[in-house]
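Working notes for the structure below.
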Amino acid sequence: MPTPPNTALPPQPPHRRPAIVLVGHGMVGQRFLEAAVERGLAASHRIVVLCEEPRPAYDRVQLTSYFSGRTPDELSLTDRGFLDAHGIELYVDEPAESFDRAARTVTARSGRVFPYDTLVLATGSYPFVPPVPGKDATGCFVYRTIEDLLAIEEYAKKRATTGAVVGGGLLGLEAAGALRGLGLATHVVEFAPRLMPVQVDEGGGAALLRTITGMGLTVHTGTGTQEIVTGEDGAVSAMKLSDGGELATDLVVFSAGVRPRDQLARDHGLTVGERGGITVDEQCRTSDPDVYAIGECAQAVDGRVYGLVAPGYEMAQTAAAAIAADREARFTGADLSTKLKLLGVDVASFGDAHGTAEGCLDVVYSDSRSGTYKKLVMGAGGELLGGVLVGDAEAYGVLRPLTGTVPPLPPEQLVLPADAGAPVALGPESLPGSAVICSCHNVTKDAIQACATLPEVKKCTKAGTGCGSCVKVIGQLLPHSGDKGLCDCFAQTRQELYEIVRVLRITSFRALLDGHGREAARGGEGCEVCKPAVGSIIASLAPTIGAEGHVLDGEQAALQDTNDHFLANLQRNGSYSVVPRIPGGEITPEKLIVIGEVARDFGLYTKITGGQRIDLFGARVEQLPMIWTRLVDAGFESGHAYGKALRTVKSCVGQTWCRYGVQDSVRMAIDLELRYRGLRAPHKLKSAVSGCARECAEAQSKDFGVIATASGWNLYVGGNGGATPRHADLLSQDLDDAALVRLIDRFLMFYIRTADRLERTAAWLDRIDGGLDHVRDVVVHDSLGICAELEALMADHVTHYRDEWAATLDDPERLARFVSFVNAPGVPDPTVGFVPERDQIKPDLPLLSIGPRPLEGASR
Amino acid sequence: MSTAPARVQLRCADDWFEVCERARLTPGRGIAALLPDGRQAALFLDREGRAYAIDNRDPFTGAAVLSRGLLGSRDGRPFVASPLLKQRFDLETGRCLDDDEVSVTVHPVRIA
Ligand code: SRM
Ligand SMILES: Cc1cc2nc3c(=O)[nH]c(=O)nc-3n(C[C@H](O)[C@H](O)[C@H](O)COP(=O)(O)OP(=O)(O)OC[C@H]3O[C@@H](n4cnc5c(N)ncnc54)[C@H](O)[C@@H]3O)c2cc1C
Ligand code: SF4
Ligand code: FES
């Protein structure tokens with residue numbers, strides 16, 4: 001229903017403010033108004049909008065969704081409140097008929113005259129109707145406005161069973177989809193030898209043809225329309241085709257392209273392009289500096305008339321900037337990516353789809369049975385220039401933002417379908433943060449990921465509110481529906497939280513929870529799941545993001561599980577165990593003696609662990625600092641038996657002593673253990689180094705295992721003992737020392753970055769898309785281009801490592817925590833008792849049956 | 001003029017029993033206190049600075065360790081998860097959230 005002109009506002013203030021008159025309230029016109037408001041022009045100017053259609057701006061791109069139930073009101077782009085709040089005067093059903101450039105006035109159809117200082121033309125285009133006889137008969141339509149749609153619908157319901165669309169381009173196919181949706185037997189008549197000739201090439205057209213035909217539409221390509229035949233009542237009854245045939249039809253929709261609406265400009269002496277379109281400069285100014293032209297009615301400096309909304313939006317912003325005296329803004333051209341929204345058909349083209357650049361090469365995958373056709377145009381330097389996807393446009397959202405860059409995978413792999421041995425589905429995670437995900441509104445990945453939900457993205461960035469082709473990728477970039485979230489507090493996975501923390505340099509749990517947690521959890525305490533997980537993320541990134549390094553400092557203290565909080569492992573009776581690091585399992589007699597003396601003096605139970613070191617059990621909280629003072633003095637460090645961190649790097653004795661050994665496995669094990677000690681990870685990390693293929697150190701059961709060869713080292717990853725044992729996979733062979741370390745650096749950091757909470761490398765390798773091959777591509781071949789960054793993260797870790805126990809003993813505040821009772825620091829917990837067993841002690845347990853919490857096992 | 005630091009007090013046998021300065025508590029974590037009658041209380045401070053106290057004994061294991069659990073909140077209600085086997089206890093009511101049959105004593109607490 002038409003909206004009455006906004007008469008509530010005073011027509012003209014006494015001291016006339018400069019006036020902007022906008023002619024045309026379509027998509028680009030509306031965007032211009034928003035940009036003008038953002039630029040403060042609404043405050044300094046009177047803004048008048050002349051709108052020809054009986055309704056204010058609406059989403060023309062989504063026009064076809066009317067047939068899937070969207071009402072005209074839902075398509076509206078105009079918010080009354082917005083116009084009123086900014087005093088914008090909108091005159092609906094009131095086209096501009098003429099203007100006077102000398103007097104600087106515009107005259108509208110009603111005879112009203114509006115003075116202007118700046119005139120903005122956003123008159124869009126009109127559908128081109130080929131001059132065939134009978135084109136104006138009853139039953140002939142175009143497909144451009146809501147009114148067109150309503151008319152087609154009414155006519156189709158009343159008197160049509162068959163419909164024909166003239167034109168097999170993007171809009172023609174949309175119209176055909178709509179006719180089919182109205183229940184008509186639908187024909188498409190296209191003059192060119194293939195469908196969508198502008199966007200797709202021959203191969204793409206062939207695949208598209210199969211799909212469209214498969215949907216029950218009849219397609220006539222290479223066929224012109226010669227005449228519209230009418231019946232006695234003057235209504236359409238058939239079409240005469242160039243091949244001599246006649247096609248019976250009750251309804252015809254012309255969709256043979258659009259032409260810029262530049263008549264008004266022509267009439268008033270503004271320069272227009274040879275093939276139409278008001279010529280404008282980089283600022284969107286016409287040949288009259290007080291008149292701008294934007295959107296489909298304009299011919300940009302690159303000589304193009306853009307028939308897409310995204311370039312129009314850019315022009316709208318450029319014009320608003322120029323009017324606000326911002327000289328920086330320019331519009332010099334845009335990319336012509338499109339994705340067809342027609343139900344059931346996936347068609348996309350982007351960039352230089354036809355391969356016009358010098359020296360470019362095509363990479364094509366085509367499967368006529370499934371109607372799939374994919375072509376990528378690659379530049380001489382390996383960069384992606386553009387492409388055509390038909391039948392499977394899954395990759396569009398990722399490929400389009402990669403245009404202009406060298407993709408992280410070879411192009412052959414990018415076009416292979418997922419089930420034809422394509423090793424990796426290239427996910428949007430691989431895109432850089434600056435990649436433009438929504439080209440309609442020029443929104444980057446980073447901007448999208450700053451939001452938590454799709455509605456939020458649409459509200460804050462407008463991404464996804466244009467053609468909608470980016471919505472799928474936005475979904476993949478956002479935290480997934482409930483179940484995938486880390487816990488009740490965060491909708492994101494651990495990997496996503498890692499990226500948020502890393503990219504936004506968030507150093508506190510609170511900031512993360514309040515800024516990125518689920519709505520209901522914000523301002524709360526978090527929970528026992530997310531606190532340690534986030535604590536670990538922050539700890540593993542601490543040097544890089546500038547967070548506190550020590551796990552007992554500041555807020556970190558409140559996040560750690562009790563084991564990390566006391567830097568020891570809690571045992572069943574409330575006592576703790578102490579595990580000093582023994583790198584590579586090598587220990588001097590002096591150090592062995594110190595351990596023995598400490599154990600004896602504090603009455604601790606001692607045991608050799610399965611990890612080639614010694615565990616001392618039965619310490620009370622208040623004893624821990626004293627025990628560790630002795631150990632640190634003797635040169636021991638924390639063994640992180642309590643942390644989700646590197647545990648041990650086991651070794652076999654190796655070349656030095658063993659008759660079979662081919663490399664110094666003990667030295668390598670020590671080096672690796674010292675390098676990665678203290679590294680916090682999604683789960684614990686274990687390693688081992690064997691000096692020959694006999695594998696006495698059991699390296700193939702470790703997260704990263706190293707086996708000596710005659711010429712270097714083989715690296716195995718993803719091994720696991722425990723409940724679900726898994727043999728490690730060979731990642732790379734015959735590495736020298738430096739190459740081995742570099743590869744492990746990358747592997748570990750990639751794991752830390754992408755694994756789930758409490759996911760060992762074995763489970764992670766089995767879960768991630770592409771498995772081992774993908775991981776190898778990333779860490780060996782640097783397919784994502786992130787290896788330098790992974791190495792830098794590890795270097796940060798290595799340089800900033802400090803023994804947690806030594807640092808704790810140095811600090812009275814941290815030490816104050818090691819008491820059984822805050823109000824009685826010297827008093828031991830009377831409930832912690834021991835009884836003798838085999839010449840040592842064991843816990844004196846209360847008689848209680850222990851049952852795990854029903855929800856989740858005590859996985860620690 | 002100097003103001004005395006805020007202190008945490010527990011209700012114990014009709015009297016307020018002074019435990020420690022509030023500054024000894026870390027928001028989001030707990031700490032244990034020995035009561036005059038020999039029982040143990042687990043004290044917690046949430047991020048808003050509100051204090052809670054429940055019995056320190058974990059009814060599932062018999063170990064006096066609840067003060068060493070992690071504080072969390074669900075639907076705005078604070079809880080502690082036992083560090084041993086992870087059962088959660090509501091800090092306001094003492095009810096175990098994972099087993100209807102189990103609960104721990106709640107001690108009135110104030111900051112003065
Ligand atoms: C002490 C030790 C047993 C021993 O006396 O030998 C031990 C003790 C514990 N292991 Fe272990 N594991 C020990 C070697 C192992 C090994 C052998 C090895 O590392 O070569 C394995 C199999 C290898 C592996 O991890 O792949 C092992 C597989 C596990 C698992 C199962 C992991 C899995 O991926 O399935 C758990 C449970 C968990 O982590 O969720 C576990 C958990 C535990 C916990 C943390 C259980 C707990 O939550 O309390 C125990 C802590 C003891 C403590 O307080 O110190 N422990 N545990 C060993 C310490 C090694 C060390 O020096 O750090
Ligand atoms: C069915 C359909 C599907 C589409 N799908 C896509 C897509 O997927 N992706 C994409 O990028 N683009 C798509 N487009 C194109 C997109 O809609 C246009 O690029 C966009 O609407 C251009 O905006 P505009 O403001 O320049 O023109 P319009 O939206 O056409 O607005 C111009 C307005 O000016 C009015 N007007 C003209 N002359 C006067 C006058 N003298 N006085 C007052 N008012 C006047 C017109 O009535 C019209 O309302 C589609 C178009 C259609 C029709
Ligand atoms: S987790 Fe099991 S196998 Fe490992 S030390 Fe404890 S009881 Fe032994
Ligand atoms: S790309 Fe069109 S809405 Fe995002």
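Chain lettering (A, B, ...) mirrors the order of the structure tokens, residue numbering begins at 1 for each chain separately, and ligand numbering begins at 1 in order of display.
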
Exercise for review: Identify all residues of stretch 9-81 of chain B in strand (DSSP E or B) (DSSP on the backbone) and supply them as a ChimeraX atom specification.
Suggested key: /B:9-12,15-21,30-34,40-45,51-55,57,64,70-74,77-81

Practice item. Would you kindly return, as a VMD selection string, each protein, DNA or RNA residue with an atom no farther than 10 Å from any atom of B:Leu35, considering only C-alpha atoms and excluding same-chain residues fewer than 6 positions away? Key: (chain A and resid 821 823 to 824) or (chain B and resid 10 to 12 17 to 19 41)

Practice item. Could I get the residue neighbourhood of ligand 2 at 6 Å, counting only C-alpha atoms and all ligand atoms, as a count of residues only? Key: 33

Which residues of chain A have any atom within 8 Å of an atom in ligand 1 when counting only C-alpha atoms and all ligand atoms, and what is the closest pair of atoms for each, with the distance in Å to one decimal? Order the rows by chain and rising number and write it as a Markdown table.
| residue | atom | partner | partner_atom_place_in_ligand_line | distance |
| --- | --- | --- | --- | --- |
| A:Ala568 | CA | ligand 1 | 54 (O) | 7.6 |
| A:Asn569 | CA | ligand 1 | 54 (O) | 4.4 |
| A:Leu570 | CA | ligand 1 | 54 (O) | 6.0 |
| A:Gln571 | CA | ligand 1 | 54 (O) | 5.8 |
| A:Tyr576 | CA | ligand 1 | 54 (O) | 7.0 |
| A:Ser577 | CA | ligand 1 | 54 (O) | 5.4 |
| A:Val578 | CA | ligand 1 | 55 (O) | 7.0 |
| A:Val579 | CA | ligand 1 | 55 (O) | 6.9 |
| A:Lys607 | CA | ligand 1 | 5 (O) | 6.3 |
| A:Ile608 | CA | ligand 1 | 6 (O) | 6.2 |
| A:Thr609 | CA | ligand 1 | 6 (O) | 3.1 |
| A:Gly610 | CA | ligand 1 | 6 (O) | 3.6 |
| A:Gly611 | CA | ligand 1 | 62 (O) | 3.6 |
| A:Gln612 | CA | ligand 1 | 62 (O) | 5.7 |
| A:Arg613 | CA | ligand 1 | 62 (O) | 4.8 |
| A:Ile614 | CA | ligand 1 | 62 (O) | 6.5 |
| A:Asp615 | CA | ligand 1 | 1 (C) | 6.3 |
| A:Phe617 | CA | ligand 1 | 55 (O) | 7.6 |
| A:Gly639 | CA | ligand 1 | 63 (O) | 7.4 |
| A:His640 | CA | ligand 1 | 63 (O) | 7.9 |
| A:Ala641 | CA | ligand 1 | 63 (O) | 5.2 |
| A:Tyr642 | CA | ligand 1 | 45 (C) | 7.1 |
| A:Arg647 | CA | ligand 1 | 63 (O) | 5.5 |
| A:Thr648 | CA | ligand 1 | 63 (O) | 6.1 |
| A:Lys650 | CA | ligand 1 | 20 (O) | 7.6 |
| A:His683 | CA | ligand 1 | 39 (O) | 7.6 |
| A:Lys684 | CA | ligand 1 | 39 (O) | 7.0 |
| A:Leu685 | CA | ligand 1 | 25 (O) | 7.9 |
| A:Lys686 | CA | ligand 1 | 19 (O) | 6.5 |
| A:Ser701 | CA | ligand 1 | 26 (O) | 6.3 |
| A:Lys702 | CA | ligand 1 | 26 (O) | 6.0 |
| A:Asp703 | CA | ligand 1 | 26 (O) | 7.5 |
| A:Gly719 | CA | ligand 1 | 26 (O) | 7.0 |
| A:Asn720 | CA | ligand 1 | 26 (O) | 3.8 |
| A:Gly721 | CA | ligand 1 | 26 (O) | 3.3 |
| A:Gly722 | CA | ligand 1 | 35 (O) | 3.5 |
| A:Ala723 | CA | ligand 1 | 35 (O) | 4.4 |
| A:Thr724 | CA | ligand 1 | 35 (O) | 5.7 |
| A:Pro725 | CA | ligand 1 | 26 (O) | 7.0 |
| A:Leu758 | CA | ligand 1 | 40 (O) | 7.8 |
| A:Arg760 | CA | ligand 1 | 34 (O) | 6.2 |
| A:Ala858 | CA | ligand 1 | 48 (O) | 6.9 |
| A:Ser859 | CA | ligand 1 | 40 (O) | 4.1 |
| A:Arg860 | CA | ligand 1 | 40 (O) | 4.5 |

Could those selected residues go to a file with N, CA and C atoms, as a compact mmCIF listing (two decimals), in the first residue's frame?
# COMPACT_ATOMS: atom_id res chain seq x y z
N ALA A 568 50.16 -29.26 41.42
CA ALA A 568 50.37 -30.63 41.88
C ALA A 568 49.09 -31.40 41.61
N ASN A 569 49.16 -32.75 41.68
CA ASN A 569 47.97 -33.53 41.37
C ASN A 569 47.22 -33.92 42.64
N LEU A 570 45.95 -33.57 42.66
CA LEU A 570 45.11 -33.91 43.79
C LEU A 570 44.86 -35.42 43.83
N GLN A 571 45.02 -36.02 44.98
CA GLN A 571 44.76 -37.45 45.11
C GLN A 571 43.44 -37.68 45.86
N TYR A 576 48.36 -34.38 47.83
CA TYR A 576 48.85 -34.11 46.47
C TYR A 576 50.06 -34.96 46.13
N SER A 577 50.29 -35.10 44.82
CA SER A 577 51.51 -35.78 44.37
C SER A 577 52.43 -34.76 43.72
N VAL A 578 53.70 -35.09 43.72
CA VAL A 578 54.74 -34.18 43.23
C VAL A 578 55.54 -34.91 42.15
N VAL A 579 55.59 -34.30 40.96
CA VAL A 579 56.35 -34.94 39.88
C VAL A 579 57.36 -33.95 39.30
N LYS A 607 57.17 -43.71 43.64
CA LYS A 607 56.92 -44.71 42.59
C LYS A 607 57.53 -44.22 41.29
N ILE A 608 58.11 -45.15 40.54
CA ILE A 608 58.55 -44.83 39.17
C ILE A 608 57.29 -44.81 38.30
N THR A 609 57.12 -43.78 37.54
CA THR A 609 55.90 -43.69 36.73
C THR A 609 56.09 -44.38 35.39
N GLY A 610 55.00 -44.48 34.67
CA GLY A 610 55.05 -45.01 33.31
C GLY A 610 55.70 -44.03 32.35
N GLY A 611 56.03 -42.82 32.82
CA GLY A 611 56.59 -41.80 31.94
C GLY A 611 58.07 -41.56 32.20
N GLN A 612 58.75 -42.55 32.73
CA GLN A 612 60.19 -42.44 33.00
C GLN A 612 60.53 -41.32 33.97
N ARG A 613 59.73 -41.17 35.00
CA ARG A 613 60.14 -40.24 36.05
C ARG A 613 59.58 -40.72 37.37
N ILE A 614 59.70 -39.91 38.40
CA ILE A 614 59.37 -40.38 39.74
C ILE A 614 58.28 -39.52 40.33
N ASP A 615 57.29 -40.20 40.90
CA ASP A 615 56.16 -39.50 41.49
C ASP A 615 56.25 -39.65 43.01
N PHE A 617 54.04 -39.17 46.35
CA PHE A 617 52.64 -39.02 46.73
C PHE A 617 52.47 -38.73 48.22
N GLY A 639 57.21 -30.76 36.65
CA GLY A 639 57.02 -31.72 35.57
C GLY A 639 55.67 -31.59 34.89
N HIS A 640 54.88 -30.61 35.32
CA HIS A 640 53.56 -30.39 34.72
C HIS A 640 52.71 -31.64 34.66
N ALA A 641 52.87 -32.54 35.63
CA ALA A 641 52.02 -33.73 35.66
C ALA A 641 50.57 -33.31 35.89
N TYR A 642 50.40 -32.10 36.40
CA TYR A 642 49.05 -31.60 36.71
C TYR A 642 48.41 -30.88 35.54
N ARG A 647 53.88 -33.50 28.94
CA ARG A 647 54.25 -34.36 30.06
C ARG A 647 55.70 -34.75 29.87
N THR A 648 55.92 -35.93 29.31
CA THR A 648 57.31 -36.39 29.22
C THR A 648 57.70 -36.64 27.77
N LYS A 650 59.87 -39.46 26.49
CA LYS A 650 60.62 -40.64 26.91
C LYS A 650 61.75 -40.90 25.90
N HIS A 683 44.90 -30.81 25.46
CA HIS A 683 45.00 -31.99 26.31
C HIS A 683 46.49 -32.20 26.57
N LYS A 684 46.79 -33.23 27.37
CA LYS A 684 48.22 -33.44 27.63
C LYS A 684 48.93 -33.89 26.36
N LEU A 685 50.23 -33.65 26.33
CA LEU A 685 51.04 -34.00 25.18
C LEU A 685 52.16 -34.91 25.64
N LYS A 686 52.35 -36.00 24.91
CA LYS A 686 53.43 -36.91 25.27
C LYS A 686 54.28 -37.20 24.06
N SER A 701 53.45 -44.62 20.10
CA SER A 701 52.21 -44.50 20.88
C SER A 701 52.10 -43.09 21.45
N LYS A 702 52.87 -42.16 20.89
CA LYS A 702 52.89 -40.81 21.46
C LYS A 702 52.24 -39.78 20.55
N ASP A 703 51.91 -38.64 21.14
CA ASP A 703 51.33 -37.54 20.36
C ASP A 703 52.31 -37.11 19.27
N GLY A 719 49.80 -40.60 17.96
CA GLY A 719 49.75 -41.85 18.70
C GLY A 719 49.11 -41.66 20.06
N ASN A 720 48.59 -42.74 20.63
CA ASN A 720 47.92 -42.65 21.93
C ASN A 720 47.96 -44.01 22.60
N GLY A 721 48.19 -44.00 23.90
CA GLY A 721 47.98 -45.20 24.68
C GLY A 721 46.59 -45.10 25.26
N GLY A 722 46.48 -45.26 26.56
CA GLY A 722 45.18 -45.01 27.19
C GLY A 722 44.10 -45.95 26.74
N ALA A 723 42.86 -45.48 26.90
CA ALA A 723 41.70 -46.35 26.70
C ALA A 723 41.49 -46.72 25.24
N THR A 724 41.80 -45.80 24.34
CA THR A 724 41.64 -46.10 22.92
C THR A 724 43.00 -45.94 22.24
N PRO A 725 43.80 -46.98 22.30
CA PRO A 725 45.16 -46.81 21.76
C PRO A 725 45.13 -46.58 20.25
N LEU A 758 40.02 -31.02 25.53
CA LEU A 758 40.26 -32.40 25.92
C LEU A 758 40.30 -33.37 24.74
N ARG A 760 42.89 -35.25 22.46
CA ARG A 760 44.29 -35.59 22.22
C ARG A 760 44.58 -35.53 20.73
N ALA A 858 35.34 -38.31 34.88
CA ALA A 858 36.36 -37.43 35.45
C ALA A 858 37.58 -37.42 34.56
N SER A 859 37.43 -36.93 33.39
CA SER A 859 38.58 -36.91 32.48
C SER A 859 39.47 -35.74 32.80
N ARG A 860 40.64 -36.03 33.22
CA ARG A 860 41.54 -34.94 33.56
C ARG A 860 42.89 -35.21 32.98

Check your understanding: Mind checking DSSP for chain B and telling me the helix (DSSP H, G or I) residues as JSON, numbers by chain?
Key -> {"B": [22, 23, 24, 66, 67, 68]}
